[in-house]
Amino acid sequence: MRRSFVLSIQLLVLFLLFFSGIASTESGPIFTHGVASGDVTPYSVVLWVRTDQEALVKAEVSASPDFDNLVFKETIRSSVEDDYTVKVRAEPLEPDQQYFFRWRHGNRISETGSFRTAPEPAASAGVRFAFTGDSDGTKVNGAPFYNQFETLDAARAEMLDFFIYLGDTIYSDSGLRSTGPASSLEEYRQTYRENREIQALRDLMSANSVFAAWDDHEVRNDFDGQTVDPSLYANGRQAFFEYMPNEEITTIQDPACAGAPQFRVVRWGKDIDLIFLDERSCRSADVTPACSFSPTAADLAPTLPSAYRIAFGLPAAPPAGCLAAIFDPARTMLGSVQKQIFKTALLESQAKVKFVISQLPIQQFYALPYDRWEGYGAERNEILNFVRSNGISNVIFLTTDTHANLINEVFIDRFADPTSIAQEFVAGPIATNTLEKQILAQYPTLLGAFHAVLNITGVDCRHLDKYSYGLVEVDAETGQVSIQIKDETGAVVTDQLNPAIQCSWTSAP
């Protein structure tokens with residue numbers, strides 16, 4: 001009798017211990033920051049979620065929103081080592097198919113997300129996607145300081161095939177941070193969590209798949225791979241991949257880089273290539289010190305021709321040695337390995353349209369060029385000459401970072417060599433100071449001069465004070481490309497000086 005009683009007690013204890021974990025998770029939230037999908041291919045996708053504690057969670061994928069027929073399921077444990085973020089690649093899937101996904105933990109079910117797989121590599125297919133970046137969700141007095149990311153609500157309403165989250169996905173060094181710039185891994189993670197509390201971002205990332213690329217504010221403003229603090233780079237990089245539904249690329253190795261560059265080519269059917277660059281991990285330090293008249297006075301437009309410099313009240317020439325530094329062929333934005341892979345991708349692409357996803361503008365607008373492609377003049381010229389000399393057509397750069405809306409042709413030199421080589425579209429920001437506000441804060445008398453410089457470059461459309469996203473469409477039958485820059489209401493942005501001009505463009509049929 002006693003033996004039976006003891007056995008019963010032991011079984012009861014085991015029962016309680018086994019189910020106590022489930023009971024504790026059922027007592028509070030599990031899924032805390034929405035769901036997301038990314039890195040979609042014709043046959044797979046990366047799914048993401050975050051929990052508030054260690055837990056076994058199951059990913060489910062179905063072709064129907066009622067999940068009556070699962071095509072994929074897998075159980076994974078969230079861990080404190082990854083800040084309770086979970087990612088899994090769901091495969092095999094069917095090409096060009098709309099899917100729905102969710103996560104489960106016991107009786108708790110996350111919100112439902114959706115994505116469309118890419119078409120088969122040999123298929124003629126169109127595409128509809130949006131891109132933008134620069135999202136500072138830092139809270140002041142309990143609310144995001146700039147806005148609620150309304151631009152992303154407008155982008156989501158476009159019924160996209162995917163979204164490109166193009167750099168400065170957080171502002172780890174925002175001037176609004178009461179604790180100063182992030183440096184520890186936990187501080188970087190906290191910044192991502194803060195952004196993910198904004199509903200518009202969560203809604204967009206659950207509505208369609210995401211391709212995310214980082215820029216500088218994920219680590220530190222204007223960082224380069226040569227001088228960046230290795231611990232900041234490592235912490236910022238780890239947090240980025242924990243919170244983005246994308247897989248880290250480790251196959252490209254260059255000892256001159258701070259880490260493996262995140263270069264990749266995404267093919268959308270046979271006619272569309274998206275070439276993602278990493279313009280931070282391998283770049284040389286900028287040359288601001290060589291182009292400064294004093295420790296606090298960098299030349300405002302070192303590459304602007306002398307006659308225009310004089311007309312704008314600048315000295316006829318920049319500081320001695322400045323132009324030699326900018327056009328030093330030893331300096332690089334991409335690093336030698338990534339640059340060669342980029343050239344090869346352009347040369348071997350059979351796609352009708354090649355979109356280059358670039359964090360920094362490559363067009364010329366001269367003002368303070370040090371962090372942009374203009375500040376790495378020799379490599380910029382090398383790449384553009386490569387495109388031209390090899391007859392590579394239909395190259396379109398999609399860009400953010402500038403906090404402005406700009407459409408322009410890309411030339412090696414607007415004045416000395418005005419042959420158009422590519423087209424570029426700059427969109428954003430989502431939530432931070434616009435370029436106009438930055439100019440007025442730092443150089444309050446120079447806004448008119450900056451517009452005048454843009455006029456000289458022949459800019460097709462410009463607006464320096466609009467939150468925005470770019471909407472890109474490629475027609476499946478004709479291959480015609482249409483690109484519009486739209487504001488937070490979904491309206492097409494118009495030129496700031498001539499509202500009759502819309503910030504939109506269509507390629508020749």
# chains A, B, ... in the order shown; residues from 1 in each chain; ligands from 1

call {"tool": "select_by_dssp", "arguments": {"residues": "range 208-262 of chain A", "states": "alpha helix (DSSP H)", "output": "PyMOL selection string"}}
result
chain A and resi 230-243

call {"tool": "write_last_selection", "arguments": {"atoms": "C-alpha atoms", "output": "tab-separated table (two decimals), in the first residue's frame"}}
result
chain	number	residue	atom	x	y	z
A	230	PRO	CA	35.13	45.58	-33.73
A	231	SER	CA	32.88	45.09	-30.71
A	232	LEU	CA	30.34	47.62	-31.99
A	233	TYR	CA	30.38	45.99	-35.41
A	234	ALA	CA	29.92	42.51	-33.94
A	235	ASN	CA	27.11	43.55	-31.60
A	236	GLY	CA	25.29	45.59	-34.25
A	237	ARG	CA	25.60	42.80	-36.81
A	238	GLN	CA	24.36	40.11	-34.42
A	239	ALA	CA	21.32	42.15	-33.39
A	240	PHE	CA	20.49	42.94	-37.03
A	241	PHE	CA	20.36	39.27	-37.98
A	242	GLU	CA	18.49	38.33	-34.84
A	243	TYR	CA	15.71	40.78	-35.68

call {"tool": "closest_atom_pairs", "arguments": {"of": "range 342-401 of chain A", "to": "range 278-298 of chain A", "cutoff": "12 Å", "atoms": "only C-alpha atoms", "output": "CSV"}}
result
residue,atom,partner,partner_atom,distance
A:Phe342,CA,A:Asp278,CA,10.4
A:Val356,CA,A:Asp278,CA,11.0
A:Ile357,CA,A:Asp278,CA,9.1
A:Ser358,CA,A:Glu279,CA,7.5
A:Gln359,CA,A:Glu279,CA,6.7
A:Leu360,CA,A:Glu279,CA,7.6
A:Pro361,CA,A:Glu279,CA,10.8
A:Ile362,CA,A:Glu279,CA,11.5
A:Ala367,CA,A:Ala298,CA,10.7
A:Leu368,CA,A:Ala298,CA,8.0
A:Pro369,CA,A:Thr288,CA,9.3
A:Tyr370,CA,A:Asp286,CA,5.9
A:Asp371,CA,A:Asp286,CA,6.5
A:Arg372,CA,A:Asp286,CA,9.3
A:Trp373,CA,A:Glu279,CA,9.3
A:Glu374,CA,A:Asp286,CA,10.8
A:Gly375,CA,A:Asp286,CA,7.1
A:Tyr376,CA,A:Asp286,CA,8.0
A:Gly377,CA,A:Val287,CA,11.1
A:Glu379,CA,A:Arg283,CA,10.8
A:Thr399,CA,A:Glu279,CA,11.7
A:Asp401,CA,A:Glu279,CA,11.7

call {"tool": "residues_around", "arguments": {"residues": "Ser504 in chain A", "least_positions_apart": "6", "cutoff": "10 Å", "atoms": "only C-alpha atoms", "output": "ChimeraX atom specification"}}
result
/A:407,425,460-461,470-472,482-486,492-494

call {"tool": "closest_residue", "arguments": {"among": "A:Ile30, A:Cys257, A:Cys322, A:Ile272", "to": "Asp52 in chain A", "atoms": "only C-alpha atoms"}}
result
A:Ile30

call {"tool": "residues_around", "arguments": {"residues": "Gly142 in chain A", "least_positions_apart": "3", "cutoff": "12 Å", "atoms": "only C-alpha atoms", "output": "NGL selection string"}}
result
:A and (137-139 or 145 or 194 or 197-198)

call {"tool": "write_last_selection", "arguments": {"atoms": "C-alpha atoms", "output": "PDB file, in the first residue's frame"}}
result
ATOM      1  CA  GLY A 137      11.516  54.819 -33.710  1.00  0.00           C
ATOM      2  CA  THR A 138      13.146  56.250 -30.583  1.00  0.00           C
ATOM      3  CA  LYS A 139      10.548  57.142 -27.999  1.00  0.00           C
ATOM      4  CA  PHE A 145       9.366  61.117 -31.562  1.00  0.00           C
ATOM      5  CA  GLU A 194      11.446  49.552 -29.696  1.00  0.00           C
ATOM      6  CA  GLU A 197       6.488  48.050 -31.114  1.00  0.00           C
ATOM      7  CA  ILE A 198       5.332  50.401 -33.892  1.00  0.00           C
TER       8      ILE A 198
END

call {"tool": "atom_distance", "arguments": {"atom1": "CA of Ile392 in chain A", "atom2": "CA of Leu346 in chain A"}}
result
7.3 Å

call {"tool": "select_by_dssp", "arguments": {"residues": "range 81-202 of chain A", "states": "strand (DSSP E or B)", "output": "short mmCIF file (atom, residue, chain, number, x, y, z; two decimals) with C-alpha atoms, in the first residue's frame"}}
result
data_model
loop_
_atom_site.label_atom_id
_atom_site.label_comp_id
_atom_site.auth_asym_id
_atom_site.auth_seq_id
_atom_site.Cartn_x
_atom_site.Cartn_y
_atom_site.Cartn_z
CA THR A 85 14.11 35.46 -31.60
CA VAL A 86 13.47 32.42 -33.79
CA LYS A 87 14.09 31.89 -37.49
CA VAL A 88 13.47 28.87 -39.65
CA ARG A 89 13.68 28.28 -43.40
CA ALA A 90 10.42 26.78 -44.62
CA GLN A 98 0.65 32.94 -52.01
CA TYR A 99 1.18 31.37 -48.58
CA PHE A 100 0.08 32.07 -45.04
CA PHE A 101 2.08 31.36 -41.90
CA ARG A 102 1.80 31.52 -38.15
CA TRP A 103 3.49 30.28 -34.99
CA ARG A 104 2.01 28.16 -32.19
CA HIS A 105 2.87 27.51 -28.58
CA ARG A 108 -1.37 30.29 -28.11
CA ILE A 109 -1.28 31.29 -31.76
CA GLY A 113 1.47 36.51 -41.84
CA SER A 114 1.61 36.04 -45.60
CA PHE A 115 4.15 35.98 -48.41
CA ARG A 116 4.45 35.11 -52.08
CA VAL A 127 6.92 42.30 -60.05
CA ARG A 128 5.56 44.95 -57.71
CA PHE A 129 7.66 45.94 -54.71
CA ALA A 130 8.46 48.91 -52.51
CA PHE A 131 11.66 50.18 -50.94
CA THR A 132 12.53 52.75 -48.31
CA SER A 135 13.44 54.56 -39.50
CA LYS A 139 10.55 57.14 -28.00
CA VAL A 140 10.39 60.47 -26.18
CA ALA A 143 5.85 57.76 -27.88
CA PRO A 144 7.94 57.64 -31.09
CA PHE A 162 7.93 41.98 -51.33
CA PHE A 163 9.41 44.94 -49.47
CA ILE A 164 13.04 46.08 -49.41
CA TYR A 165 13.98 47.51 -46.01
CA LEU A 166 16.92 49.50 -47.30
#

call {"tool": "atom_distance", "arguments": {"atom1": "CA of Leu300 in chain A", "atom2": "CA of Ala431 in chain A"}}
result
25.7 Å

call {"tool": "atom_distance", "arguments": {"atom1": "CA of His403 in chain A", "atom2": "CA of His451 in chain A"}}
result
14.8 Å

call {"tool": "residues_around", "arguments": {"residues": "Asp254 in chain A", "least_positions_apart": "4", "cutoff": "12 Å", "atoms": "only C-alpha atoms", "output": "count of residues only"}}
result
18

call {"tool": "residues_around", "arguments": {"residues": "Thr41 in chain A", "least_positions_apart": "2", "cutoff": "12 Å", "atoms": "only C-alpha atoms", "output": "mmCIF file with C-alpha atoms, in the first residue's frame"}}
result
data_model
loop_
_atom_site.group_PDB
_atom_site.id
_atom_site.type_symbol
_atom_site.label_atom_id
_atom_site.label_comp_id
_atom_site.auth_asym_id
_atom_site.auth_seq_id
_atom_site.Cartn_x
_atom_site.Cartn_y
_atom_site.Cartn_z
ATOM 1 C CA SER A 37 9.081 36.496 -43.451
ATOM 2 C CA GLY A 38 12.049 37.180 -45.679
ATOM 3 C CA ASP A 39 14.647 35.954 -48.162
ATOM 4 C CA TYR A 43 10.987 27.226 -53.180
ATOM 5 C CA SER A 44 11.573 28.601 -49.672
ATOM 6 C CA VAL A 45 11.232 31.462 -47.210
ATOM 7 C CA VAL A 46 12.690 32.446 -43.831
ATOM 8 C CA ARG A 89 13.677 28.283 -43.400
ATOM 9 C CA ALA A 90 10.424 26.780 -44.624
ATOM 10 C CA GLU A 91 10.844 24.467 -47.627
ATOM 11 C CA PRO A 92 9.999 22.988 -50.055
ATOM 12 C CA LEU A 93 7.357 25.394 -51.369
ATOM 13 C CA GLU A 94 5.806 25.985 -54.788
ATOM 14 C CA PRO A 95 6.930 28.898 -56.996
ATOM 15 C CA ASP A 96 4.774 32.005 -57.453
ATOM 16 C CA GLN A 97 2.346 30.929 -54.745
ATOM 17 C CA PHE A 115 4.146 35.979 -48.409
ATOM 18 C CA ARG A 116 4.447 35.107 -52.080
ATOM 19 C CA THR A 117 7.222 32.877 -53.325
ATOM 20 C CA ALA A 118 9.310 34.025 -56.266
ATOM 21 C CA PRO A 119 8.486 32.744 -59.750
ATOM 22 C CA GLU A 120 10.460 29.922 -61.315
ATOM 23 C CA PRO A 121 13.881 31.038 -62.612
ATOM 24 C CA ASP A 161 5.238 41.001 -53.841
ATOM 25 C CA PHE A 162 7.932 41.977 -51.327
ATOM 26 C CA SER A 209 8.228 39.050 -47.370
ATOM 27 C CA VAL A 210 11.140 41.376 -46.635
ATOM 28 C CA PHE A 211 14.656 41.749 -47.984
ATOM 29 C CA ASN A 246 17.059 37.162 -43.393
ATOM 30 C CA VAL A 265 21.689 38.443 -56.053
ATOM 31 C CA VAL A 266 17.951 37.775 -55.943
ATOM 32 C CA ARG A 267 16.409 36.576 -59.203
ATOM 33 C CA TRP A 268 12.709 37.187 -59.772
ATOM 34 C CA GLY A 269 11.973 35.020 -62.773
#

call {"tool": "residues_around", "arguments": {"residues": "Asp216 in chain A", "least_positions_apart": "3", "cutoff": "8 Å", "atoms": "only C-alpha atoms", "output": "list of chain:residue names"}}
result
A:Gly167, A:Asp168, A:Val219, A:Arg220, A:Asn221, A:Asp222, A:Phe223, A:Arg280

call {"tool": "write_last_selection", "arguments": {"atoms": "N, CA and C atoms", "output": "mmCIF file, in the first residue's frame"}}
result
data_model
loop_
_atom_site.group_PDB
_atom_site.id
_atom_site.type_symbol
_atom_site.label_atom_id
_atom_site.label_comp_id
_atom_site.auth_asym_id
_atom_site.auth_seq_id
_atom_site.Cartn_x
_atom_site.Cartn_y
_atom_site.Cartn_z
ATOM 1 N N GLY A 167 18.222 49.814 -45.302
ATOM 2 C CA GLY A 167 19.210 50.491 -44.486
ATOM 3 C C GLY A 167 18.678 51.433 -43.440
ATOM 4 N N ASP A 168 19.496 51.631 -42.406
ATOM 5 C CA ASP A 168 19.109 52.423 -41.237
ATOM 6 C C ASP A 168 17.763 51.931 -40.715
ATOM 7 N N VAL A 219 24.952 50.242 -36.677
ATOM 8 C CA VAL A 219 26.178 50.135 -35.873
ATOM 9 C C VAL A 219 26.545 51.497 -35.280
ATOM 10 N N ARG A 220 26.925 52.438 -36.168
ATOM 11 C CA ARG A 220 27.283 53.787 -35.734
ATOM 12 C C ARG A 220 27.350 54.674 -36.982
ATOM 13 N N ASN A 221 26.931 55.914 -36.861
ATOM 14 C CA ASN A 221 26.820 56.823 -37.996
ATOM 15 C C ASN A 221 28.104 56.855 -38.836
ATOM 16 N N ASP A 222 27.925 56.652 -40.153
ATOM 17 C CA ASP A 222 29.002 56.758 -41.136
ATOM 18 C C ASP A 222 30.165 55.796 -40.876
ATOM 19 N N PHE A 223 29.917 54.672 -40.227
ATOM 20 C CA PHE A 223 31.040 53.779 -39.926
ATOM 21 C C PHE A 223 31.611 53.179 -41.200
ATOM 22 N N ARG A 280 29.188 48.982 -46.299
ATOM 23 C CA ARG A 280 29.757 49.354 -45.002
ATOM 24 C C ARG A 280 30.890 48.441 -44.562
#

call {"tool": "closest_residue", "arguments": {"among": "A:Asn433, A:Asn394, A:Thr400, A:Thr32", "to": "Asp273 in chain A", "atoms": "only C-alpha atoms"}}
result
A:Asn394

call {"tool": "closest_residue", "arguments": {"among": "A:Ala155, A:Ile439, A:Ile76, A:Leu47", "to": "Thr489 in chain A", "atoms": "only C-alpha atoms"}}
result
A:Ala155

call {"tool": "closest_residue", "arguments": {"among": "A:Ser389, A:Thr419, A:Thr303, A:Thr402", "to": "Lys343 in chain A", "atoms": "only C-alpha atoms"}}
result
A:Ser389

call {"tool": "closest_residue", "arguments": {"among": "A:Val49, A:Val80, A:Ala404, A:Ala55", "to": "Glu186 in chain A", "atoms": "only C-alpha atoms"}}
result
A:Val80

call {"tool": "closest_residue", "arguments": {"among": "A:Lys437, A:Arg309, A:Arg50, A:Arg177", "to": "Ser110 in chain A", "atoms": "only C-alpha atoms"}}
result
A:Arg50
